[in-house]
file model.txt (compact mmCIF, C-alpha atoms (C1' of nucleotides))
# COMPACT_ATOMS: atom_id res chain seq x y z
CA MET A 235 60.38 -21.53 -75.41
CA THR A 236 58.70 -19.22 -77.82
CA LYS A 237 54.98 -19.37 -78.33
CA ARG A 238 53.95 -21.01 -81.57
CA SER A 239 50.81 -20.16 -83.49
CA THR A 240 48.52 -22.92 -84.63
CA TRP A 241 45.25 -22.99 -86.50
CA GLN A 242 43.61 -24.43 -83.39
CA ARG A 243 44.33 -21.37 -81.32
CA GLU A 244 43.25 -19.14 -84.14
CA ALA A 245 40.01 -21.10 -84.50
CA VAL A 246 39.24 -20.67 -80.83
CA ARG A 247 40.09 -17.00 -80.92
CA SER A 248 37.82 -16.26 -83.86
CA ALA A 249 34.98 -18.49 -82.71
CA LEU A 250 35.04 -16.60 -79.44
CA ALA A 251 35.15 -13.23 -81.16
CA ALA A 252 32.14 -14.19 -83.26
CA ARG A 253 29.89 -14.36 -80.20
CA ALA A 254 28.37 -11.35 -78.48
CA GLY A 255 28.05 -12.90 -75.04
CA PHE A 256 29.87 -15.26 -72.75
CA VAL A 257 30.42 -18.87 -73.85
CA SER A 258 31.67 -21.90 -71.98
CA ALA A 259 34.58 -24.02 -73.16
CA GLN A 260 32.20 -26.90 -73.72
CA ASP A 261 29.96 -24.70 -75.87
CA LEU A 262 32.85 -23.52 -77.97
CA HIS A 263 34.06 -27.06 -78.44
CA ALA A 264 30.61 -28.07 -79.64
CA ILE A 265 30.39 -25.09 -81.98
CA LEU A 266 33.78 -25.85 -83.52
CA ALA A 267 32.91 -29.52 -83.91
CA THR A 268 29.83 -28.54 -85.90
CA SER A 269 31.80 -26.39 -88.29
CA GLU A 270 34.00 -29.21 -89.52
CA GLN A 271 36.88 -28.10 -87.29
CA ARG A 272 38.15 -31.19 -85.54
CA ILE A 273 39.72 -29.92 -82.36
CA GLY A 274 40.31 -31.50 -78.96
CA LEU A 275 38.39 -30.40 -75.90
CA ALA A 276 41.57 -30.04 -73.88
CA THR A 277 42.97 -27.77 -76.55
CA VAL A 278 39.95 -25.50 -76.34
CA TYR A 279 40.45 -25.23 -72.58
CA ARG A 280 44.13 -24.46 -73.03
CA ALA A 281 43.51 -21.86 -75.71
CA LEU A 282 40.87 -20.11 -73.62
CA ALA A 283 43.04 -20.10 -70.52
CA ASP A 284 45.77 -18.62 -72.64
CA LEU A 285 43.59 -15.86 -74.02
CA ALA A 286 42.34 -15.02 -70.55
CA GLU A 287 45.88 -14.89 -69.22
CA ASN A 288 46.91 -12.45 -71.90
CA GLY A 289 43.96 -10.17 -71.25
CA LEU A 290 42.31 -10.97 -74.58
CA ALA A 291 39.33 -12.63 -72.96
CA ASP A 292 37.30 -12.17 -69.82
CA ALA A 293 36.35 -15.13 -67.68
CA LEU A 294 33.51 -15.47 -65.23
CA THR A 295 31.85 -18.31 -63.42
CA SER A 296 28.20 -18.88 -64.17
CA ALA A 297 25.63 -19.83 -61.57
CA ALA A 298 25.78 -23.40 -62.89
CA GLY A 299 29.43 -23.56 -61.92
CA GLU A 300 31.01 -23.47 -65.34
CA VAL A 301 33.55 -20.90 -66.47
CA ARG A 302 32.51 -18.80 -69.41
CA TYR A 303 34.65 -16.64 -71.65
CA ARG A 304 34.22 -13.66 -73.88
CA ALA A 305 36.56 -11.79 -76.22
CA CYS A 306 37.36 -8.35 -74.89
CA THR A 307 39.70 -5.40 -75.07
CA SER A 308 42.74 -5.64 -72.86
CA GLU A 309 41.96 -2.35 -71.14
CA HIS A 310 40.37 -2.42 -67.73
CA HIS A 311 36.58 -2.45 -68.03
CA HIS A 312 33.40 -3.90 -66.61
CA HIS A 313 30.29 -5.60 -67.95
CA LEU A 314 26.61 -4.96 -68.34
CA MET A 315 25.10 -8.32 -69.14
CA CYS A 316 21.68 -9.66 -70.05
CA ARG A 317 20.53 -12.27 -67.56
CA THR A 318 18.43 -13.99 -70.19
CA CYS A 319 20.44 -14.14 -73.41
CA GLY A 320 23.93 -13.33 -72.15
CA ALA A 321 24.49 -10.37 -74.47
CA THR A 322 27.16 -8.16 -72.99
CA VAL A 323 28.18 -4.53 -73.18
CA GLU A 324 31.59 -3.37 -72.02
CA ILE A 325 31.44 -0.32 -69.81
CA GLY A 326 34.03 1.99 -68.36
CA ALA A 327 33.58 3.23 -64.81
CA ASP A 328 36.21 5.71 -63.73
CA ALA A 329 34.11 6.94 -60.83
CA VAL A 330 33.87 3.42 -59.48
CA GLU A 331 37.59 2.83 -59.86
CA VAL A 332 38.28 5.79 -57.63
CA TRP A 333 35.60 4.80 -55.17
CA ALA A 334 37.02 1.27 -54.85
CA ARG A 335 40.50 2.55 -54.21
CA THR A 336 39.23 4.96 -51.60
CA ILE A 337 37.25 2.33 -49.72
CA ALA A 338 40.19 -0.06 -49.71
CA GLU A 339 42.55 2.55 -48.35
CA ALA A 340 40.09 3.64 -45.71
CA HIS A 341 40.20 0.11 -44.30
CA GLY A 342 43.97 -0.19 -44.58
CA PHE A 343 43.84 -2.58 -47.53
CA ASP A 344 46.68 -2.73 -50.02
CA GLU A 345 46.88 -3.40 -53.76
CA PRO A 346 43.18 -3.04 -54.42
CA SER A 347 41.48 -4.72 -57.34
CA HIS A 348 37.78 -5.23 -57.86
CA THR A 349 34.97 -6.82 -59.78
CA VAL A 350 31.99 -4.76 -60.84
CA ASP A 351 29.29 -6.23 -63.03
CA ILE A 352 25.75 -5.21 -63.76
CA TYR A 353 23.05 -7.66 -64.79
CA GLY A 354 19.68 -6.92 -66.29
CA ARG A 355 17.36 -7.75 -69.13
CA CYS A 356 18.30 -6.35 -72.50
CA PRO A 357 15.84 -4.54 -74.81
CA SER A 358 15.38 -7.58 -77.09
CA CYS A 359 14.55 -9.90 -74.23
CA ARG A 360 12.13 -7.36 -72.76
CA GLU A 361 10.10 -7.46 -75.94
CA LEU A 362 9.89 -11.23 -75.94
CA ALA A 363 8.64 -11.34 -72.36
CA MET B 136 5.72 -29.27 -45.77
CA THR B 137 6.90 -27.15 -42.91
CA LYS B 138 10.55 -26.58 -42.34
CA ARG B 139 11.95 -28.51 -39.41
CA SER B 140 14.81 -27.34 -37.26
CA THR B 141 17.65 -29.73 -36.56
CA TRP B 142 20.87 -29.45 -34.63
CA GLN B 143 22.75 -30.02 -37.89
CA ARG B 144 21.44 -26.84 -39.44
CA GLU B 145 22.11 -24.95 -36.27
CA ALA B 146 25.66 -26.30 -36.14
CA VAL B 147 26.32 -25.14 -39.68
CA ARG B 148 24.81 -21.75 -39.00
CA SER B 149 26.92 -21.12 -35.93
CA ALA B 150 30.13 -22.55 -37.36
CA LEU B 151 29.70 -20.20 -40.29
CA ALA B 152 28.98 -17.24 -38.06
CA ALA B 153 32.14 -17.98 -36.05
CA ARG B 154 34.37 -17.24 -39.06
CA ALA B 155 35.36 -13.77 -40.24
CA GLY B 156 35.89 -14.67 -43.89
CA PHE B 157 34.49 -16.91 -46.57
CA VAL B 158 34.60 -20.68 -46.06
CA SER B 159 33.91 -23.53 -48.43
CA ALA B 160 31.45 -26.31 -47.66
CA GLN B 161 34.34 -28.76 -47.51
CA ASP B 162 36.15 -26.56 -44.99
CA LEU B 163 33.09 -26.28 -42.79
CA HIS B 164 32.57 -30.01 -42.92
CA ALA B 165 36.17 -30.56 -41.81
CA ILE B 166 35.84 -28.00 -39.03
CA LEU B 167 32.67 -29.58 -37.72
CA ALA B 168 34.21 -33.06 -37.88
CA THR B 169 37.07 -31.85 -35.70
CA SER B 170 34.75 -30.48 -33.06
CA GLU B 171 33.11 -33.83 -32.36
CA GLN B 172 30.06 -32.95 -34.45
CA ARG B 173 29.37 -35.90 -36.69
CA ILE B 174 27.58 -34.45 -39.67
CA GLY B 175 27.26 -35.55 -43.28
CA LEU B 176 28.90 -33.63 -46.07
CA ALA B 177 25.71 -33.52 -48.10
CA THR B 178 23.93 -32.02 -45.12
CA VAL B 179 26.47 -29.22 -44.90
CA TYR B 180 25.90 -28.45 -48.57
CA ARG B 181 22.15 -28.47 -48.07
CA ALA B 182 22.29 -26.25 -45.01
CA LEU B 183 24.55 -23.72 -46.73
CA ALA B 184 22.39 -23.60 -49.85
CA ASP B 185 19.45 -23.01 -47.55
CA LEU B 186 21.11 -20.14 -45.72
CA ALA B 187 22.15 -18.54 -48.98
CA GLU B 188 18.63 -18.86 -50.33
CA ASN B 189 17.20 -17.09 -47.32
CA GLY B 190 19.69 -14.25 -47.52
CA LEU B 191 21.46 -15.27 -44.33
CA ALA B 192 24.70 -16.08 -46.12
CA ASP B 193 26.59 -14.75 -49.10
CA ALA B 194 28.04 -17.12 -51.67
CA LEU B 195 30.86 -16.52 -54.10
CA THR B 196 32.98 -18.70 -56.33
CA SER B 197 36.69 -18.71 -55.63
CA ALA B 198 39.33 -18.76 -58.34
CA ALA B 199 39.85 -22.45 -57.61
CA GLY B 200 36.26 -23.09 -58.61
CA GLU B 201 34.77 -23.86 -55.24
CA VAL B 202 31.81 -22.01 -53.77
CA ARG B 203 32.49 -20.27 -50.50
CA TYR B 204 30.01 -18.92 -47.98
CA ARG B 205 29.93 -16.31 -45.27
CA ALA B 206 27.32 -15.30 -42.72
CA CYS B 207 25.93 -11.86 -43.48
CA THR B 208 23.14 -9.43 -42.87
CA SER B 209 20.20 -9.78 -45.19
CA GLU B 210 20.43 -6.15 -46.29
CA HIS B 211 22.01 -5.39 -49.62
CA HIS B 212 25.76 -4.85 -49.26
CA HIS B 213 29.13 -5.54 -50.84
CA HIS B 214 32.47 -6.93 -49.74
CA LEU B 215 36.02 -5.78 -49.18
CA MET B 216 38.05 -8.96 -48.94
CA CYS B 217 41.64 -9.89 -48.21
CA ARG B 218 43.15 -11.85 -51.08
CA THR B 219 45.53 -13.62 -48.72
CA CYS B 220 43.60 -14.60 -45.60
CA GLY B 221 40.02 -14.13 -46.76
CA ALA B 222 39.04 -11.70 -43.99
CA THR B 223 36.02 -9.74 -45.13
CA VAL B 224 34.43 -6.39 -44.37
CA GLU B 225 30.87 -5.61 -45.40
CA ILE B 226 30.51 -2.26 -47.07
CA GLY B 227 27.58 -0.18 -48.17
CA ALA B 228 27.80 1.71 -51.44
CA ASP B 229 24.81 3.87 -52.14
CA ALA B 230 26.66 5.87 -54.77
CA VAL B 231 27.44 2.69 -56.69
CA GLU B 232 23.85 1.48 -56.46
CA VAL B 233 22.69 4.63 -58.18
CA TRP B 234 25.47 4.46 -60.73
CA ALA B 235 24.62 0.87 -61.64
CA ARG B 236 20.96 1.68 -62.12
CA THR B 237 21.81 4.65 -64.28
CA ILE B 238 24.15 2.71 -66.55
CA ALA B 239 21.63 -0.09 -66.97
CA GLU B 240 18.86 2.33 -67.91
CA ALA B 241 21.11 4.17 -70.31
CA HIS B 242 21.51 0.95 -72.27
CA GLY B 243 17.84 0.04 -72.07
CA PHE B 244 18.37 -2.75 -69.57
CA ASP B 245 15.63 -3.74 -67.17
CA GLU B 246 15.58 -5.02 -63.62
CA PRO B 247 19.19 -4.22 -62.85
CA SER B 248 21.16 -6.08 -60.20
CA HIS B 249 24.89 -6.06 -59.73
CA THR B 250 27.93 -7.50 -58.06
CA VAL B 251 30.58 -5.20 -56.65
CA ASP B 252 33.50 -6.58 -54.69
CA ILE B 253 36.85 -5.15 -53.75
CA TYR B 254 39.91 -7.30 -53.10
CA GLY B 255 43.14 -6.32 -51.44
CA ARG B 256 45.62 -7.24 -48.76
CA CYS B 257 44.50 -6.57 -45.21
CA PRO B 258 46.67 -4.80 -42.61
CA SER B 259 47.64 -8.03 -40.84
CA CYS B 260 48.78 -9.72 -44.03
CA ARG B 261 50.76 -6.64 -45.04
CA GLU B 262 52.81 -6.97 -41.88
CA LEU B 263 53.59 -10.61 -42.48
CA ALA B 264 54.81 -9.96 -46.02
C1' DT C 245 64.76 -26.07 -98.66
C1' DC C 246 65.55 -29.45 -95.23
C1' DC C 247 66.22 -30.69 -90.20
C1' DG C 248 65.92 -31.12 -85.48
C1' DA C 249 64.49 -29.50 -80.97
C1' DT C 250 60.48 -28.97 -78.66
C1' DA C 251 55.88 -26.46 -78.09
C1' DG C 252 51.42 -27.96 -79.06
C1' DT C 253 47.79 -31.40 -79.76
C1' DG C 254 44.35 -35.01 -78.72
C1' DA C 255 42.23 -39.12 -76.63
C1' DC C 256 41.39 -40.65 -72.45
C1' DA C 257 42.27 -41.17 -67.55
C1' DA C 258 42.13 -38.76 -63.24
C1' DT C 259 40.47 -35.22 -60.06
C1' DC C 260 37.40 -32.88 -57.29
C1' DA C 261 33.49 -30.15 -55.84
C1' DT C 262 28.86 -30.83 -55.84
C1' DT C 263 24.42 -33.34 -56.40
C1' DC C 264 21.63 -37.49 -56.35
C1' DT C 265 19.69 -41.74 -54.30
C1' DC C 266 17.30 -44.04 -50.98
C1' DA C 267 16.85 -46.46 -46.73
C1' DA C 268 17.01 -45.08 -41.93
C1' DT C 269 16.02 -41.44 -38.58
C1' DA C 270 13.78 -37.93 -35.99
C1' DA C 271 10.77 -33.35 -35.63
C1' DG C 272 6.37 -31.82 -34.49
C1' DG C 273 1.37 -31.90 -34.67
C1' DC C 274 -2.22 -34.79 -32.69
C1' DG D 12 3.18 -42.09 -27.41
C1' DC D 13 2.09 -42.28 -32.53
C1' DC D 14 2.15 -41.19 -37.24
C1' DT D 15 3.44 -38.52 -41.16
C1' DT D 16 7.06 -36.96 -43.68
C1' DA D 17 11.04 -33.63 -43.71
C1' DT D 18 15.74 -34.51 -42.98
C1' DT D 19 19.85 -37.01 -42.64
C1' DG D 20 24.02 -39.65 -44.19
C1' DA D 21 26.92 -42.87 -46.82
C1' DG D 22 28.20 -43.74 -50.99
C1' DA D 23 27.33 -43.59 -55.95
C1' DA D 24 26.86 -40.53 -59.81
C1' DT D 25 27.68 -36.32 -62.31
C1' DG D 26 30.13 -33.05 -64.87
C1' DA D 27 33.44 -29.53 -65.63
C1' DT D 28 38.21 -29.14 -65.71
C1' DT D 29 43.07 -30.76 -65.59
C1' DG D 30 46.80 -34.19 -66.12
C1' DT D 31 49.26 -37.71 -68.93
C1' DC D 32 51.91 -38.98 -72.63
C1' DA D 33 52.80 -40.52 -77.23
C1' DC D 34 52.40 -38.24 -81.55
C1' DT D 35 52.56 -34.13 -84.59
C1' DA D 36 53.73 -29.80 -86.52
C1' DT D 37 56.03 -25.13 -85.96
C1' DC D 38 59.96 -22.42 -86.85
C1' DG D 39 64.78 -20.97 -86.32
C1' DG D 40 68.98 -22.34 -88.09
C1' DA D 41 72.11 -24.90 -91.41
call {"tool": "encode", "arguments": {"input": "model.txt", "output": "C-alpha cells"}}
result
Amino acid sequence: MTKRSTWQREAVRSALAARAGFVSAQDLHAILATSEQRIGLATVYRALADLAENGLADALTSAAGEVRYRACTSEHHHHLMCRTCGATVEIGADAVEVWARTIAEAHGFDEPSHTVDIYGRCPSCRELA
Amino acid sequence: MTKRSTWQREAVRSALAARAGFVSAQDLHAILATSEQRIGLATVYRALADLAENGLADALTSAAGEVRYRACTSEHHHHLMCRTCGATVEIGADAVEVWARTIAEAHGFDEPSHTVDIYGRCPSCRELA
DNA sequence: TCCGATAGTGACAATCATTCTCAATAAGGC
DNA sequence: GCCTTATTGAGAATGATTGTCACTATCGGA
C-alpha cells in the first residue's frame, strides 16, 4: 500500500531535474540508457506520470503529439518557453489568476482553472539566428 | 496547384460549425457517417488540418491525447471551456496580451506568442451535478 | 538479521489516434 | 467534352503510450 522508493524513480527524477527545458519520456529513456542506467521504457513513463501527479513535474503536449515533462516547483506557476531550444522560465502571474477567475465568474462558470503559457525565442537563440 | 473545393471539405466545415464545443476528428467522422455522408476518415483529418492552418478553426490537445477542433473567428482570441460538456466561449483579453508581451521582453525573449485558456464548469453542468 | 507480503520492474504485446500510400475519382480551365 | 492533376478513400504503417504478467526487490515486522 505504501509507496516504495527505488533507484529507477530516483534516476528519472534526477535526470529530469538536470534538464532546463521540457523532455519527452522517450528522450529521457534514451538519455538514461546512454549513462549506463538500464531502465525499462514503461518504468520511465510510470515514474514521470507519478511525478506529474504529485506536482513535482509539469506536463505539456508538444506540437508533434508527444507529452513532455519538466521538473518544477509544486506551487502554481506558468511558463515562458523558448520555441527553438525549449529552455523554460517559471513565471508567477497573480494578475492573470485574478483575471481568469473574474472572466469565469462573469460567464457563470464554476471551479475555474487555467493554462497560461508564453512562447518566444530566448536570448541565446536570437544570437544564433 | 490551385485549391479545389469539394463537398467533403464543405461537409466538414459545416459539421464543425454546427457544434458549440471542441470535437475530435474521430467524432466528426462518426457524426458525418450517421448523417448519410459517406466520407473517408483521412479526408476528415485533412480537411480539419486545412481549416486550422487557415485560421478558420482552433485546435487543442485533450487530456486523452487526441486533437480536438472548433470553428472560430480568425481574430486572435482565447477560450473559456466547460470541463464537463466541452461548451466553449470565445473571449478577448487585451490586458493579458500586453502582460504576455511585457513578461517576454523582460526576460529578453523575442517574437512572443501565447496560449491562455480557462476551464470550468458551465451553468448547465452545474445544475446537473 | 531474516522473512514474507506485495509494490515495482521490464520485455513485449496491444491500443489508438494520426499519417502515409497509391490507385481511382472528379474539379476546373480550355 | 477533354485533359491535367488536386483530392479522395480504404487499408497499411507509424509511433507514442498503456496493459500484461512473471519476476524482483523493498520494507515492516518477527
call {"tool": "residues_around", "arguments": {"input": "model.txt", "residues": "segment 314-318 of chain A", "least_positions_apart": "2", "cutoff": "12 Å", "atoms": "all atoms listed in the file", "output": "mmCIF file with C-alpha atoms, in the frame of the given file"}}
result
data_model
loop_
_atom_site.group_PDB
_atom_site.id
_atom_site.type_symbol
_atom_site.label_atom_id
_atom_site.label_comp_id
_atom_site.auth_asym_id
_atom_site.auth_seq_id
_atom_site.Cartn_x
_atom_site.Cartn_y
_atom_site.Cartn_z
ATOM 1 C CA ALA A 254 28.370 -11.350 -78.480
ATOM 2 C CA GLY A 255 28.050 -12.900 -75.040
ATOM 3 C CA PHE A 256 29.870 -15.260 -72.750
ATOM 4 C CA LEU A 294 33.510 -15.470 -65.230
ATOM 5 C CA SER A 296 28.200 -18.880 -64.170
ATOM 6 C CA ALA A 297 25.630 -19.830 -61.570
ATOM 7 C CA ARG A 304 34.220 -13.660 -73.880
ATOM 8 C CA HIS A 311 36.580 -2.450 -68.030
ATOM 9 C CA HIS A 312 33.400 -3.900 -66.610
ATOM 10 C CA GLY A 320 23.930 -13.330 -72.150
ATOM 11 C CA ALA A 321 24.490 -10.370 -74.470
ATOM 12 C CA THR A 322 27.160 -8.160 -72.990
ATOM 13 C CA VAL A 323 28.180 -4.530 -73.180
ATOM 14 C CA GLU A 324 31.590 -3.370 -72.020
ATOM 15 C CA ILE A 325 31.440 -0.320 -69.810
ATOM 16 C CA GLY A 326 34.030 1.990 -68.360
ATOM 17 C CA ALA A 327 33.580 3.230 -64.810
ATOM 18 C CA VAL A 350 31.990 -4.760 -60.840
ATOM 19 C CA ASP A 351 29.290 -6.230 -63.030
ATOM 20 C CA ILE A 352 25.750 -5.210 -63.760
ATOM 21 C CA TYR A 353 23.050 -7.660 -64.790
ATOM 22 C CA GLY A 354 19.680 -6.920 -66.290
ATOM 23 C CA ARG A 355 17.360 -7.750 -69.130
ATOM 24 C CA CYS A 356 18.300 -6.350 -72.500
ATOM 25 C CA PRO A 357 15.840 -4.540 -74.810
ATOM 26 C CA SER A 358 15.380 -7.580 -77.090
ATOM 27 C CA CYS A 359 14.550 -9.900 -74.230
ATOM 28 C CA ARG A 360 12.130 -7.360 -72.760
ATOM 29 C CA LEU A 362 9.890 -11.230 -75.940
ATOM 30 C CA ALA A 363 8.640 -11.340 -72.360
ATOM 31 C CA ALA B 235 24.620 0.870 -61.640
ATOM 32 C CA ARG B 236 20.960 1.680 -62.120
ATOM 33 C CA THR B 237 21.810 4.650 -64.280
ATOM 34 C CA ILE B 238 24.150 2.710 -66.550
ATOM 35 C CA ALA B 239 21.630 -0.090 -66.970
ATOM 36 C CA GLU B 240 18.860 2.330 -67.910
ATOM 37 C CA ALA B 241 21.110 4.170 -70.310
ATOM 38 C CA HIS B 242 21.510 0.950 -72.270
ATOM 39 C CA GLY B 243 17.840 0.040 -72.070
ATOM 40 C CA PHE B 244 18.370 -2.750 -69.570
ATOM 41 C CA ASP B 245 15.630 -3.740 -67.170
ATOM 42 C CA GLU B 246 15.580 -5.020 -63.620
ATOM 43 C CA PRO B 247 19.190 -4.220 -62.850
ATOM 44 C CA SER B 248 21.160 -6.080 -60.200
ATOM 45 C CA HIS B 249 24.890 -6.060 -59.730
ATOM 46 C CA THR B 250 27.930 -7.500 -58.060
#
call {"tool": "interface_residues", "arguments": {"input": "model.txt", "of": "chain B", "to": "chain D", "cutoff": "10 Å", "atoms": "all atoms listed in the file", "output": "list in words"}}
result
Met136, Thr137, Lys138, Arg139, Ser140, Thr141, Gln143, Arg173, Ile174, Gly175, Leu176, Ala177, Thr178 and Gly200 of chain B
call {"tool": "atom_distance", "arguments": {"input": "model.txt", "atom1": "atom C1' of DT265 of chain C", "atom2": "atom CA of Gln172 of chain B"}}
result
24.1 Å
call {"tool": "interface_residues", "arguments": {"input": "model.txt", "of": "chain C", "to": "chain A", "cutoff": "9 Å", "atoms": "only C-alpha atoms (C1' of nucleotides)", "output": "list of chain:residue names"}}
result
C:DT250, C:DA251, C:DG252, C:DT253, C:DG254, C:DA255
call {"tool": "write_last_selection", "arguments": {"input": "model.txt", "atoms": "C-alpha atoms (C1' of nucleotides)", "output": "mmCIF file, in the coordinates of the input"}}
result
data_model
loop_
_atom_site.group_PDB
_atom_site.id
_atom_site.type_symbol
_atom_site.label_atom_id
_atom_site.label_comp_id
_atom_site.auth_asym_id
_atom_site.auth_seq_id
_atom_site.Cartn_x
_atom_site.Cartn_y
_atom_site.Cartn_z
ATOM 1 C "C1'" DT C 250 60.480 -28.970 -78.660
ATOM 2 C "C1'" DA C 251 55.880 -26.460 -78.090
ATOM 3 C "C1'" DG C 252 51.420 -27.960 -79.060
ATOM 4 C "C1'" DT C 253 47.790 -31.400 -79.760
ATOM 5 C "C1'" DG C 254 44.350 -35.010 -78.720
ATOM 6 C "C1'" DA C 255 42.230 -39.120 -76.630
#
call {"tool": "closest_residue", "arguments": {"input": "model.txt", "among": "A:Leu282, A:Leu290, A:Ala329, A:Ala245", "to": "chain B", "atoms": "all atoms listed in the file"}}
result
A:Ala329
call {"tool": "calpha_fit_and_write", "arguments": {"input": "model.txt", "fixed": "chain A", "moving": "chain B", "output": "short mmCIF file (atom, residue, chain, number, x, y, z; two decimals) with C-alpha atoms, in the frame of the given file"}}
result
data_model
loop_
_atom_site.label_atom_id
_atom_site.label_comp_id
_atom_site.auth_asym_id
_atom_site.auth_seq_id
_atom_site.Cartn_x
_atom_site.Cartn_y
_atom_site.Cartn_z
CA MET B 136 60.35 -22.16 -75.31
CA THR B 137 58.78 -19.83 -77.79
CA LYS B 138 55.08 -19.79 -78.29
CA ARG B 139 53.97 -21.42 -81.52
CA SER B 140 50.91 -20.41 -83.47
CA THR B 141 48.50 -23.10 -84.59
CA TRP B 142 45.24 -23.05 -86.48
CA GLN B 143 43.55 -24.46 -83.37
CA ARG B 144 44.33 -21.41 -81.30
CA GLU B 145 43.30 -19.16 -84.12
CA ALA B 146 40.02 -21.05 -84.51
CA VAL B 147 39.24 -20.62 -80.83
CA ARG B 148 40.15 -16.96 -80.92
CA SER B 149 37.90 -16.19 -83.87
CA ALA B 150 35.01 -18.36 -82.73
CA LEU B 151 35.09 -16.49 -79.44
CA ALA B 152 35.26 -13.12 -81.14
CA ALA B 153 32.23 -14.04 -83.28
CA ARG B 154 29.97 -14.20 -80.21
CA ALA B 155 28.43 -11.19 -78.48
CA GLY B 156 28.13 -12.76 -75.03
CA PHE B 157 29.93 -15.14 -72.75
CA VAL B 158 30.45 -18.74 -73.88
CA SER B 159 31.65 -21.78 -72.01
CA ALA B 160 34.53 -23.94 -73.21
CA GLN B 161 32.09 -26.79 -73.79
CA ASP B 162 29.89 -24.54 -75.93
CA LEU B 163 32.82 -23.38 -78.02
CA HIS B 164 33.96 -26.94 -78.51
CA ALA B 165 30.48 -27.90 -79.73
CA ILE B 166 30.33 -24.90 -82.04
CA LEU B 167 33.69 -25.68 -83.57
CA ALA B 168 32.76 -29.35 -84.00
CA THR B 169 29.70 -28.30 -85.98
CA SER B 170 31.71 -26.14 -88.33
CA GLU B 171 33.88 -29.00 -89.56
CA GLN B 172 36.77 -27.97 -87.32
CA ARG B 173 37.99 -31.09 -85.60
CA ILE B 174 39.57 -29.88 -82.40
CA GLY B 175 40.13 -31.49 -79.02
CA LEU B 176 38.25 -30.36 -75.97
CA ALA B 177 41.41 -30.05 -73.92
CA THR B 178 42.86 -27.80 -76.59
CA VAL B 179 39.88 -25.47 -76.37
CA TYR B 180 40.38 -25.23 -72.61
CA ARG B 181 44.07 -24.54 -73.07
CA ALA B 182 43.50 -21.90 -75.72
CA LEU B 183 40.88 -20.11 -73.63
CA ALA B 184 43.04 -20.14 -70.51
CA ASP B 185 45.80 -18.69 -72.65
CA LEU B 186 43.65 -15.88 -73.99
CA ALA B 187 42.41 -15.04 -70.52
CA GLU B 188 45.96 -14.98 -69.21
CA ASN B 189 47.02 -12.52 -71.87
CA GLY B 190 44.09 -10.21 -71.23
CA LEU B 191 42.46 -10.98 -74.56
CA ALA B 192 39.43 -12.61 -72.96
CA ASP B 193 37.40 -12.13 -69.82
CA ALA B 194 36.42 -15.10 -67.69
CA LEU B 195 33.59 -15.40 -65.23
CA THR B 196 31.90 -18.24 -63.41
CA SER B 197 28.24 -18.76 -64.14
CA ALA B 198 25.69 -19.70 -61.50
CA ALA B 199 25.79 -23.26 -62.84
CA GLY B 200 29.45 -23.44 -61.92
CA GLU B 201 30.99 -23.38 -65.36
CA VAL B 202 33.57 -20.84 -66.47
CA ARG B 203 32.54 -18.72 -69.41
CA TYR B 204 34.71 -16.57 -71.65
CA ARG B 205 34.30 -13.57 -73.89
CA ALA B 206 36.66 -11.73 -76.21
CA CYS B 207 37.46 -8.28 -74.87
CA THR B 208 39.79 -5.34 -75.04
CA SER B 209 42.79 -5.57 -72.79
CA GLU B 210 41.98 -2.27 -71.10
CA HIS B 211 40.35 -2.35 -67.71
CA HIS B 212 36.56 -2.39 -68.01
CA HIS B 213 33.38 -3.90 -66.60
CA HIS B 214 30.30 -5.63 -67.95
CA LEU B 215 26.60 -5.02 -68.34
CA MET B 216 25.13 -8.41 -69.13
CA CYS B 217 21.74 -9.80 -70.04
CA ARG B 218 20.63 -12.43 -67.55
CA THR B 219 18.54 -14.17 -70.19
CA CYS B 220 20.55 -14.28 -73.41
CA GLY B 221 24.02 -13.41 -72.16
CA ALA B 222 24.52 -10.42 -74.47
CA THR B 223 27.19 -8.20 -72.99
CA VAL B 224 28.18 -4.55 -73.17
CA GLU B 225 31.58 -3.36 -71.99
CA ILE B 226 31.40 -0.32 -69.78
CA GLY B 227 33.96 2.02 -68.32
CA ALA B 228 33.49 3.27 -64.79
CA ASP B 229 36.08 5.76 -63.71
CA ALA B 230 33.97 6.96 -60.80
CA VAL B 231 33.77 3.42 -59.45
CA GLU B 232 37.51 2.89 -59.84
CA VAL B 233 38.16 5.86 -57.61
CA TRP B 234 35.49 4.80 -55.15
CA ALA B 235 36.95 1.31 -54.84
CA ARG B 236 40.43 2.63 -54.20
CA THR B 237 39.13 5.02 -51.58
CA ILE B 238 37.20 2.36 -49.69
CA ALA B 239 40.16 0.00 -49.71
CA GLU B 240 42.50 2.66 -48.36
CA ALA B 241 40.02 3.67 -45.71
CA HIS B 242 40.20 0.15 -44.31
CA GLY B 243 43.97 -0.08 -44.63
CA PHE B 244 43.87 -2.47 -47.56
CA ASP B 245 46.69 -2.57 -50.06
CA GLU B 246 46.89 -3.22 -53.78
CA PRO B 247 43.18 -2.92 -54.44
CA SER B 248 41.50 -4.62 -57.38
CA HIS B 249 37.81 -5.16 -57.88
CA THR B 250 35.03 -6.79 -59.79
CA VAL B 251 32.00 -4.77 -60.83
CA ASP B 252 29.32 -6.28 -63.02
CA ILE B 253 25.76 -5.30 -63.74
CA TYR B 254 23.10 -7.80 -64.77
CA GLY B 255 19.72 -7.12 -66.27
CA ARG B 256 17.38 -7.99 -69.09
CA CYS B 257 18.30 -6.56 -72.47
CA PRO B 258 15.82 -4.78 -74.76
CA SER B 259 15.37 -7.79 -77.05
CA CYS B 260 14.59 -10.15 -74.20
CA ARG B 261 12.14 -7.66 -72.71
CA GLU B 262 10.12 -7.80 -75.90
CA LEU B 263 9.97 -11.57 -75.92
CA ALA B 264 8.73 -11.73 -72.34
#
call {"tool": "closest_residue", "arguments": {"input": "model.txt", "among": "A:Gln260, A:Tyr303, A:Ala298, A:Glu309", "to": "chain B", "atoms": "all atoms listed in the file"}}
result
A:Ala298
call {"tool": "atom_distance", "arguments": {"input": "model.txt", "atom1": "atom CA of Ala168 of chain B", "atom2": "atom CA of Thr208 of chain B"}}
result
26.6 Å
call {"tool": "atom_distance", "arguments": {"input": "model.txt", "atom1": "atom CA of Ala150 of chain B", "atom2": "atom C1' of DT262 of chain C"}}
result
20.3 Å
call {"tool": "closest_residue", "arguments": {"input": "model.txt", "among": "B:Val231, B:Val179, B:Cys207, B:Ala192", "to": "chain A", "atoms": "all atoms listed in the file"}}
result
B:Val231
